[in-house]
Every structure is written in C-alpha cells, then in structure tokens.
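File shown: run05.cif. Contents: mmCIF, C-alpha atoms.
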```cif
data_data
loop_
_atom_site.group_PDB
_atom_site.id
_atom_site.type_symbol
_atom_site.label_atom_id
_atom_site.label_comp_id
_atom_site.auth_asym_id
_atom_site.auth_seq_id
_atom_site.Cartn_x
_atom_site.Cartn_y
_atom_site.Cartn_z
ATOM 1 C CA ASP A 1 93.347 100.594 120.760
ATOM 2 C CA VAL A 2 95.448 98.493 118.429
ATOM 3 C CA LYS A 3 98.727 100.102 117.527
ATOM 4 C CA VAL A 4 101.492 99.419 115.021
ATOM 5 C CA THR A 5 104.179 102.061 115.227
ATOM 6 C CA GLN A 6 106.843 102.737 112.630
ATOM 7 C CA SER A 7 109.749 104.745 113.935
ATOM 8 C CA SER A 8 110.081 107.245 111.080
ATOM 9 C CA ARG A 9 107.494 108.820 108.794
ATOM 10 C CA TYR A 10 110.076 110.173 106.347
ATOM 11 C CA LEU A 11 113.652 109.073 105.824
ATOM 12 C CA VAL A 12 116.297 110.274 103.364
ATOM 13 C CA LYS A 13 119.399 108.144 102.855
ATOM 14 C CA ARG A 14 122.359 107.980 100.490
ATOM 15 C CA THR A 15 123.088 105.165 98.060
ATOM 16 C CA GLY A 16 125.125 102.462 99.763
ATOM 17 C CA GLU A 17 124.039 103.316 103.303
ATOM 18 C CA LYS A 18 122.734 100.645 105.645
ATOM 19 C CA VAL A 19 119.161 101.499 106.585
ATOM 20 C CA PHE A 20 117.074 100.237 109.487
ATOM 21 C CA LEU A 21 113.298 100.531 109.530
ATOM 22 C CA GLU A 22 111.704 99.707 112.855
ATOM 23 C CA CYS A 23 108.197 98.519 113.612
ATOM 24 C CA VAL A 24 106.624 97.872 117.011
ATOM 25 C CA GLN A 25 103.181 96.445 117.761
ATOM 26 C CA ASP A 26 101.444 96.414 121.117
ATOM 27 C CA MET A 27 98.869 93.686 120.438
ATOM 28 C CA ASP A 28 100.901 90.551 121.176
ATOM 29 C CA HIS A 29 100.472 89.512 117.542
ATOM 30 C CA GLU A 30 102.292 86.428 116.279
ATOM 31 C CA ASN A 31 102.709 87.527 112.665
ATOM 32 C CA MET A 32 104.392 90.638 111.379
ATOM 33 C CA PHE A 33 104.951 91.748 107.803
ATOM 34 C CA TRP A 34 106.915 94.237 105.754
ATOM 35 C CA TYR A 35 105.382 95.510 102.515
ATOM 36 C CA ARG A 36 106.462 98.163 100.070
ATOM 37 C CA GLN A 37 103.952 100.232 98.156
ATOM 38 C CA ASP A 38 104.793 101.851 94.837
ATOM 39 C CA PRO A 39 102.492 103.772 92.480
ATOM 40 C CA GLY A 40 101.192 101.451 89.780
ATOM 41 C CA LEU A 41 102.564 98.356 91.512
ATOM 42 C CA GLY A 42 100.445 98.109 94.619
ATOM 43 C CA LEU A 43 101.473 96.456 97.869
ATOM 44 C CA ARG A 44 104.183 93.824 97.635
ATOM 45 C CA LEU A 45 105.346 91.539 100.433
ATOM 46 C CA ILE A 46 109.047 91.739 101.281
ATOM 47 C CA TYR A 47 109.356 89.487 104.349
ATOM 48 C CA PHE A 48 107.213 88.210 107.152
ATOM 49 C CA SER A 49 107.817 86.687 110.565
ATOM 50 C CA TYR A 50 105.552 84.176 112.276
ATOM 51 C CA ASP A 51 107.451 83.997 115.574
ATOM 52 C CA VAL A 52 110.467 85.427 117.358
ATOM 53 C CA LYS A 53 113.617 84.752 115.331
ATOM 54 C CA MET A 54 111.536 83.131 112.579
ATOM 55 C CA LYS A 55 111.271 84.748 109.176
ATOM 56 C CA GLU A 56 110.228 83.899 105.687
ATOM 57 C CA LYS A 57 110.847 85.570 102.351
ATOM 58 C CA GLY A 58 107.982 87.263 100.617
ATOM 59 C CA ASP A 59 107.682 88.048 96.946
ATOM 60 C CA ILE A 60 110.481 90.649 96.673
ATOM 61 C CA PRO A 61 113.148 89.911 99.345
ATOM 62 C CA GLU A 62 116.205 90.811 97.266
ATOM 63 C CA GLY A 63 118.255 93.579 98.843
ATOM 64 C CA TYR A 64 116.472 93.304 102.195
ATOM 65 C CA SER A 65 116.863 91.384 105.423
ATOM 66 C CA VAL A 66 114.818 91.342 108.620
ATOM 67 C CA SER A 67 115.240 90.807 112.310
ATOM 68 C CA ARG A 68 112.777 89.788 114.995
ATOM 69 C CA GLU A 69 114.488 89.470 118.357
ATOM 70 C CA LYS A 70 111.379 90.287 120.393
ATOM 71 C CA LYS A 71 107.758 89.474 119.667
ATOM 72 C CA GLU A 72 106.667 93.083 119.476
ATOM 73 C CA ARG A 73 109.445 94.351 117.208
ATOM 74 C CA PHE A 74 110.182 93.615 113.551
ATOM 75 C CA SER A 75 112.985 95.400 111.747
ATOM 76 C CA LEU A 76 113.598 95.745 108.034
ATOM 77 C CA ILE A 77 117.209 96.210 106.975
ATOM 78 C CA LEU A 78 118.465 97.529 103.675
ATOM 79 C CA GLU A 79 122.061 96.304 103.642
ATOM 80 C CA SER A 80 123.207 98.759 100.959
ATOM 81 C CA ALA A 81 120.462 101.138 99.940
ATOM 82 C CA SER A 82 119.883 101.727 96.241
ATOM 83 C CA THR A 83 117.742 104.277 94.416
ATOM 84 C CA ASN A 84 115.267 101.583 93.340
ATOM 85 C CA GLN A 85 114.462 101.033 97.013
ATOM 86 C CA THR A 86 112.902 104.484 97.220
ATOM 87 C CA SER A 87 109.373 103.614 98.277
ATOM 88 C CA MET A 88 106.696 103.682 100.960
ATOM 89 C CA TYR A 89 107.352 100.903 103.458
ATOM 90 C CA LEU A 90 104.441 99.561 105.456
ATOM 91 C CA CYS A 91 104.644 97.288 108.464
ATOM 92 C CA ALA A 92 101.640 95.174 109.442
ATOM 93 C CA SER A 93 100.744 92.654 112.101
ATOM 94 C CA THR A 94 98.013 90.134 112.812
ATOM 95 C CA TYR A 95 97.305 87.588 115.526
ATOM 96 C CA GLY A 96 96.524 84.795 113.085
ATOM 97 C CA THR A 97 97.813 84.600 109.555
ATOM 98 C CA ALA A 98 97.412 87.129 106.742
ATOM 99 C CA ASN A 99 94.005 85.471 106.322
ATOM 100 C CA GLU A 100 92.922 87.592 109.268
ATOM 101 C CA LYS A 101 92.687 91.357 109.582
ATOM 102 C CA LEU A 102 96.017 93.071 109.029
ATOM 103 C CA PHE A 103 96.800 96.125 111.156
ATOM 104 C CA PHE A 104 99.101 98.509 109.355
ATOM 105 C CA GLY A 105 101.518 101.071 110.673
ATOM 106 C CA SER A 106 101.459 104.600 109.287
ATOM 107 C CA GLY A 107 104.297 103.888 106.869
ATOM 108 C CA THR A 108 107.818 105.155 106.242
ATOM 109 C CA GLN A 109 108.483 107.074 103.039
ATOM 110 C CA LEU A 110 112.106 106.274 102.229
ATOM 111 C CA SER A 111 114.018 108.270 99.661
ATOM 112 C CA VAL A 112 117.415 106.971 98.557
ATOM 113 C CA LEU A 113 119.506 109.590 96.797
ATOM 114 C CA GLN B 1 102.884 84.820 90.746
ATOM 115 C CA LYS B 2 99.398 85.156 92.163
ATOM 116 C CA GLU B 3 97.648 88.170 90.707
ATOM 117 C CA VAL B 4 94.746 90.374 91.625
ATOM 118 C CA GLU B 5 93.573 92.717 88.904
ATOM 119 C CA GLN B 6 91.797 95.981 89.470
ATOM 120 C CA ASN B 7 91.645 97.561 86.058
ATOM 121 C CA SER B 8 89.233 100.457 86.355
ATOM 122 C CA GLY B 9 90.595 103.973 86.429
ATOM 123 C CA PRO B 10 89.525 106.565 89.015
ATOM 124 C CA LEU B 11 85.790 106.396 89.741
ATOM 125 C CA SER B 12 83.864 109.620 90.280
ATOM 126 C CA VAL B 13 80.400 109.288 91.788
ATOM 127 C CA PRO B 14 77.937 111.915 92.992
ATOM 128 C CA GLU B 15 77.142 111.969 96.682
ATOM 129 C CA GLY B 16 74.332 109.544 97.461
ATOM 130 C CA ALA B 17 74.993 107.310 94.445
ATOM 131 C CA ILE B 18 76.300 103.736 94.400
ATOM 132 C CA ALA B 19 80.010 103.177 93.776
ATOM 133 C CA SER B 20 80.861 99.801 92.248
ATOM 134 C CA LEU B 21 84.382 98.341 92.297
ATOM 135 C CA ASN B 22 85.518 95.090 90.744
ATOM 136 C CA CYS B 23 88.515 92.817 90.884
ATOM 137 C CA THR B 24 89.520 89.463 89.466
ATOM 138 C CA TYR B 25 92.055 87.005 90.859
ATOM 139 C CA SER B 26 94.227 84.404 89.190
ATOM 140 C CA ASP B 27 94.562 81.673 91.832
ATOM 141 C CA ARG B 28 91.492 79.447 91.776
ATOM 142 C CA GLY B 29 92.630 78.030 95.115
ATOM 143 C CA SER B 30 92.205 81.356 96.936
ATOM 144 C CA GLN B 31 89.500 81.087 99.567
ATOM 145 C CA SER B 32 89.508 84.440 101.338
ATOM 146 C CA PHE B 33 89.087 87.901 99.926
ATOM 147 C CA PHE B 34 89.389 91.334 101.425
ATOM 148 C CA TRP B 35 88.737 94.978 100.691
ATOM 149 C CA TYR B 36 91.043 97.515 102.297
ATOM 150 C CA ARG B 37 90.416 101.250 102.176
ATOM 151 C CA GLN B 38 93.366 103.642 102.019
ATOM 152 C CA TYR B 39 92.936 107.378 102.458
ATOM 153 C CA SER B 40 95.531 109.577 100.789
ATOM 154 C CA GLY B 41 98.713 109.618 102.861
ATOM 155 C CA LYS B 42 97.383 106.980 105.273
ATOM 156 C CA SER B 43 97.791 103.251 105.669
ATOM 157 C CA PRO B 44 95.263 100.624 104.524
ATOM 158 C CA GLU B 45 92.470 99.521 106.842
ATOM 159 C CA LEU B 46 90.255 96.483 106.434
ATOM 160 C CA ILE B 47 86.634 97.249 105.642
ATOM 161 C CA MET B 48 85.273 93.924 104.339
ATOM 162 C CA SER B 49 86.214 90.271 104.181
ATOM 163 C CA ILE B 50 84.342 87.568 102.285
ATOM 164 C CA TYR B 51 84.923 83.825 102.213
ATOM 165 C CA SER B 52 81.947 82.227 100.445
ATOM 166 C CA ASN B 53 80.044 82.820 97.252
ATOM 167 C CA GLY B 54 77.326 85.421 97.357
ATOM 168 C CA ASP B 55 76.860 88.751 99.052
ATOM 169 C CA LYS B 56 78.002 90.033 102.413
ATOM 170 C CA GLU B 57 76.634 93.290 103.724
ATOM 171 C CA ASP B 58 78.067 95.568 106.395
ATOM 172 C CA GLY B 59 76.361 98.923 106.713
ATOM 173 C CA ARG B 60 76.630 100.755 103.412
ATOM 174 C CA PHE B 61 79.168 98.256 102.061
ATOM 175 C CA THR B 62 78.368 95.038 100.208
ATOM 176 C CA ALA B 63 81.025 92.592 99.074
ATOM 177 C CA GLN B 64 80.183 90.061 96.381
ATOM 178 C CA LEU B 65 82.132 86.912 95.551
ATOM 179 C CA ASN B 66 81.814 84.626 92.550
ATOM 180 C CA LYS B 67 84.446 81.891 92.768
ATOM 181 C CA ALA B 68 83.450 80.298 89.460
ATOM 182 C CA SER B 69 84.238 83.553 87.667
ATOM 183 C CA GLN B 70 87.107 84.429 90.076
ATOM 184 C CA TYR B 71 85.526 87.780 90.657
ATOM 185 C CA VAL B 72 85.096 89.979 93.731
ATOM 186 C CA SER B 73 83.252 93.260 93.917
ATOM 187 C CA LEU B 74 82.505 95.992 96.417
ATOM 188 C CA LEU B 75 79.425 98.183 96.371
ATOM 189 C CA ILE B 76 79.262 101.389 98.372
ATOM 190 C CA ARG B 77 75.676 102.576 98.756
ATOM 191 C CA ASP B 78 74.725 106.170 99.519
ATOM 192 C CA SER B 79 78.299 107.293 98.820
ATOM 193 C CA GLN B 80 79.608 110.038 101.076
ATOM 194 C CA PRO B 81 82.553 112.403 100.594
ATOM 195 C CA SER B 82 84.259 110.492 103.425
ATOM 196 C CA ASP B 83 84.281 107.419 101.132
ATOM 197 C CA SER B 84 86.759 109.179 98.832
ATOM 198 C CA ALA B 85 89.803 106.917 99.031
ATOM 199 C CA THR B 86 91.668 104.167 97.224
ATOM 200 C CA TYR B 87 90.176 100.703 97.636
ATOM 201 C CA LEU B 88 92.516 97.709 97.548
ATOM 202 C CA CYS B 89 91.264 94.227 96.717
ATOM 203 C CA ALA B 90 93.255 91.338 98.204
ATOM 204 C CA ALA B 91 93.164 87.548 97.916
ATOM 205 C CA TYR B 92 94.709 85.127 100.407
ATOM 206 C CA TYR B 93 96.515 82.203 98.800
ATOM 207 C CA GLY B 94 98.045 80.476 101.780
ATOM 208 C CA ASN B 95 101.298 80.525 103.714
ATOM 209 C CA ASN B 96 100.661 83.992 105.118
ATOM 210 C CA ARG B 97 100.513 85.536 101.673
ATOM 211 C CA LEU B 98 98.047 88.119 100.432
ATOM 212 C CA ALA B 99 98.047 89.294 96.827
ATOM 213 C CA PHE B 100 96.918 92.901 96.567
ATOM 214 C CA GLY B 101 95.500 94.632 93.546
ATOM 215 C CA LYS B 102 96.847 98.040 92.564
ATOM 216 C CA GLY B 103 93.767 99.755 93.911
ATOM 217 C CA ASN B 104 90.901 101.839 92.585
ATOM 218 C CA GLN B 105 90.529 105.472 93.489
ATOM 219 C CA VAL B 106 87.019 106.618 94.344
ATOM 220 C CA VAL B 107 86.085 110.303 94.378
ATOM 221 C CA VAL B 108 82.675 111.213 95.775
ATOM 222 C CA ILE B 109 81.485 114.560 94.477
ATOM 223 C CA PRO B 110 79.294 116.568 96.870
#
```
Kindly present the structure from the file in structure tokens form.
Amino acid sequence: DVKVTQSSRYLVKRTGEKVFLECVQDMDHENMFWYRQDPGLGLRLIYFSYDVKMKEKGDIPEGYSVSREKKERFSLILESASTNQTSMYLCASTYGTANEKLFFGSGTQLSVL
Amino acid sequence: QKEVEQNSGPLSVPEGAIASLNCTYSDRGSQSFFWYRQYSGKSPELIMSIYSNGDKEDGRFTAQLNKASQYVSLLIRDSQPSDSATYLCAAYYGNNRLAFGKGNQVVVIP
C-alpha cells in the first residue's frame, strides 16, 4: 500500500522557534509537495521538489524553506515560527507531476503560540 | 493567481438522493481537473479526474467538464452516509501546480 508518513500529527511551538516538519514516502515518487490548509482558504502550495536537492517555490513560500537530501524524504522548515503559520500542513507525493494522482500524508496540525 | 471557485455552502442531501457539486476555474489553459474527497480530520484522496469535455463515470460518481464555460461538476448518485465529507475541486495549470478550491461540505442525512 502507498504510504506518505508525516512525523508528527500535532505540534506546538513558540514564536521564533525553528520548526522542522518531516515527510517520508515509500513509493519511489519523483515529486513531493508541501501544502498548508486553512479554513476558508483551501489548500495552498508552499514548495515542491521534483528531484533530490531540487526545489521550487510554490504560491506562498515566504517564511519557509525545504530540504530534500534523499528521494524519499522532504522536509519543511520554518526558520522563525510566527503565529500566522499556525495551520494544517500536508505533505504529498506523486510519481509524475501534480497532473497525476497526489498521495497525501495524514497532516501535521501546527500551533505557534 | 490561478483560481478555482467553489461557492456553494454546505450541501445536505437525503440518503439515496443525488448530490451535485460545482466549480469554476479561471485559467482557460488548464487541461486537467480533479475531485478530491476529504473526510473530517483526514487528508484528501483523489476520487475523480477528468481531462476532456463531457462526462466521466466511475461507480456512483460522475464528473462533468465544460471547457467553454470553464466549469467542472461532480454528481454523487444514490448518496450514502459514507459520502459525507468535504469535496475539493482542483485544476492543473502546469509546472507541477494544482489550484484547489476551498471545498464543499456534503452531509448525507440517513
């Protein structure tokens, strides 16, 4: 069975902390994505990666960075967490592009206090 | 900014009825369209994709696409309580980018 695993289901952090969100997929997928989902705003793309060490900004990259050192792992980094980054973060992967079926992880609900 | 609009509020339908969901998209160049279902507290899962004008049926689900009107719809026939979820419409506009609508909540009443 296809699996995208996010390391934490719930996370509480303080303003100014550096936060790491981890995502691992076991399907040998080329493309991995980080989205955030907020009530009334829907799913918005933060960053995606189409290969190891390759990344591209999505629609809302400000305040975030990413790392993909291995094909199966894609990390989202909040350099200095702020309260407006409180959100549900969803990782996804696909073999082809986002034009194919996206497989989502179970999400990380991040609260920044 | 590419936009996908899903404007209807929560939809309540009796069990066995047809649920009808609509969305419009702004980028005329979009060629691929998707419906994802998201149960409360869960992540989205793909239920339908459609690439050409007309209807596409898969079990109780039918997706409809009208590129001239920039309009996509999803019909759920014989609605079941297990169909109660939020349905997200998405349009692909190239370079690995999907634009998602805000979603429509469907509640199927037994």
**Request:** For chain B, work out the contacting residues on chain A at 10 Å, counting only C-alpha atoms, and write them as a ChimeraX atom specification.
**Result:** /A:31-33,37-45,48-50,56,58-59,90-92,96-107
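Distance annotation: of B:Ser79, B:Ser20, B:Ser12, B:Ser26, the residue with the minimal separation from Gly59 of chain B is B:Ser79; atom set is only C-alpha atoms.
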**Request:** Using only C-alpha atoms, find the one residue out of B:Tyr25, B:Tyr87, B:Phe61, B:Tyr51 that sits nearest to Val107 of chain B.
**Result:**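 With only C-alpha atoms as the atom set, the closest residue is B:Tyr87.
Between atom CA of Val66 of chain A and atom CA of Glu22 of chain A the separation is 9.9 Å.
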**Item:** Exercise: Gln105 of chain B partners within 7 Å, only C-alpha atoms, chain neighbours under 3 positions left out, as number ranges by chain
**Value:** B: 10-11, 85-87
**Prompt:** So which one's closest to Pro110 of chain B, B:Thr62, B:Val4, B:Pro14, B:Cys23? Using only C-alpha atoms, please.
**Reply:**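 Looking only at the distances to Pro110 of chain B, the closest residue turns out to be B:Pro14.
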**Asked** Of the candidates B:Ser30, B:Ser52, B:Ser40, B:Gln70, which shows the shortest atom-to-atom distance to Val106 of chain B, using all atoms listed in the file?
**Response** B:Ser40
**Request:** Output the residue selection produced by the PyMOL selection byres ((chain A and resi 95) around 6) on the file above, formatted as a PyMOL selection string.
**Result:** chain A and resi 29-30+94+96
**Request:** Can you turn the PyMOL selection byres ((chain B and resi 81) around 7) into a concrete residue list for this file, as an MDAnalysis selection string?
**Result:** chainID B and resid 15 79:80 82:84 108:110
**Asked** atom CA of Leu74 of chain B and atom CA of Thr24 of chain B, how far apart in Å?
**Response** 11.8 Å
**Message:** One number please: atom CA of Ser111 of chain A to atom CA of Val12 of chain A, in Å, one decimal.
**Reply:**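 Pair atom CA of Ser111 of chain A / atom CA of Val12 of chain A returns 4.8 Å.
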**Message:** If we count all atoms listed in the file and set the cut-off at 12 Å, which residues sit around segment 61-65 of chain A, ignoring sequence neighbours fewer than 3 positions away in its own chain? Please answer as a count of residues only.
**Reply:** 33
Picked residues, the PyMOL selection byres ((chain B and resi 22) around 6), expected as a PDB file with C-alpha atoms, keeping the file's coordinate frame:
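Once everything was written out, this is expr16.pdb:
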```pdb
ATOM      1  CA  LEU B  21      84.382  98.341  92.297  1.00  0.00           C
ATOM      2  CA  CYS B  23      88.515  92.817  90.884  1.00  0.00           C
ATOM      3  CA  VAL B  72      85.096  89.979  93.731  1.00  0.00           C
ATOM      4  CA  SER B  73      83.252  93.260  93.917  1.00  0.00           C
TER       5      SER B  73
END
```
**Request:** Identify, on the basis of only C-alpha atoms, every residue whose closest approach to Ala17 of chain B does not exceed 7 Å; exclude the query and any residue fewer than 4 positions from it along the same chain; express the result as a count of residues only.
**Result:** 4
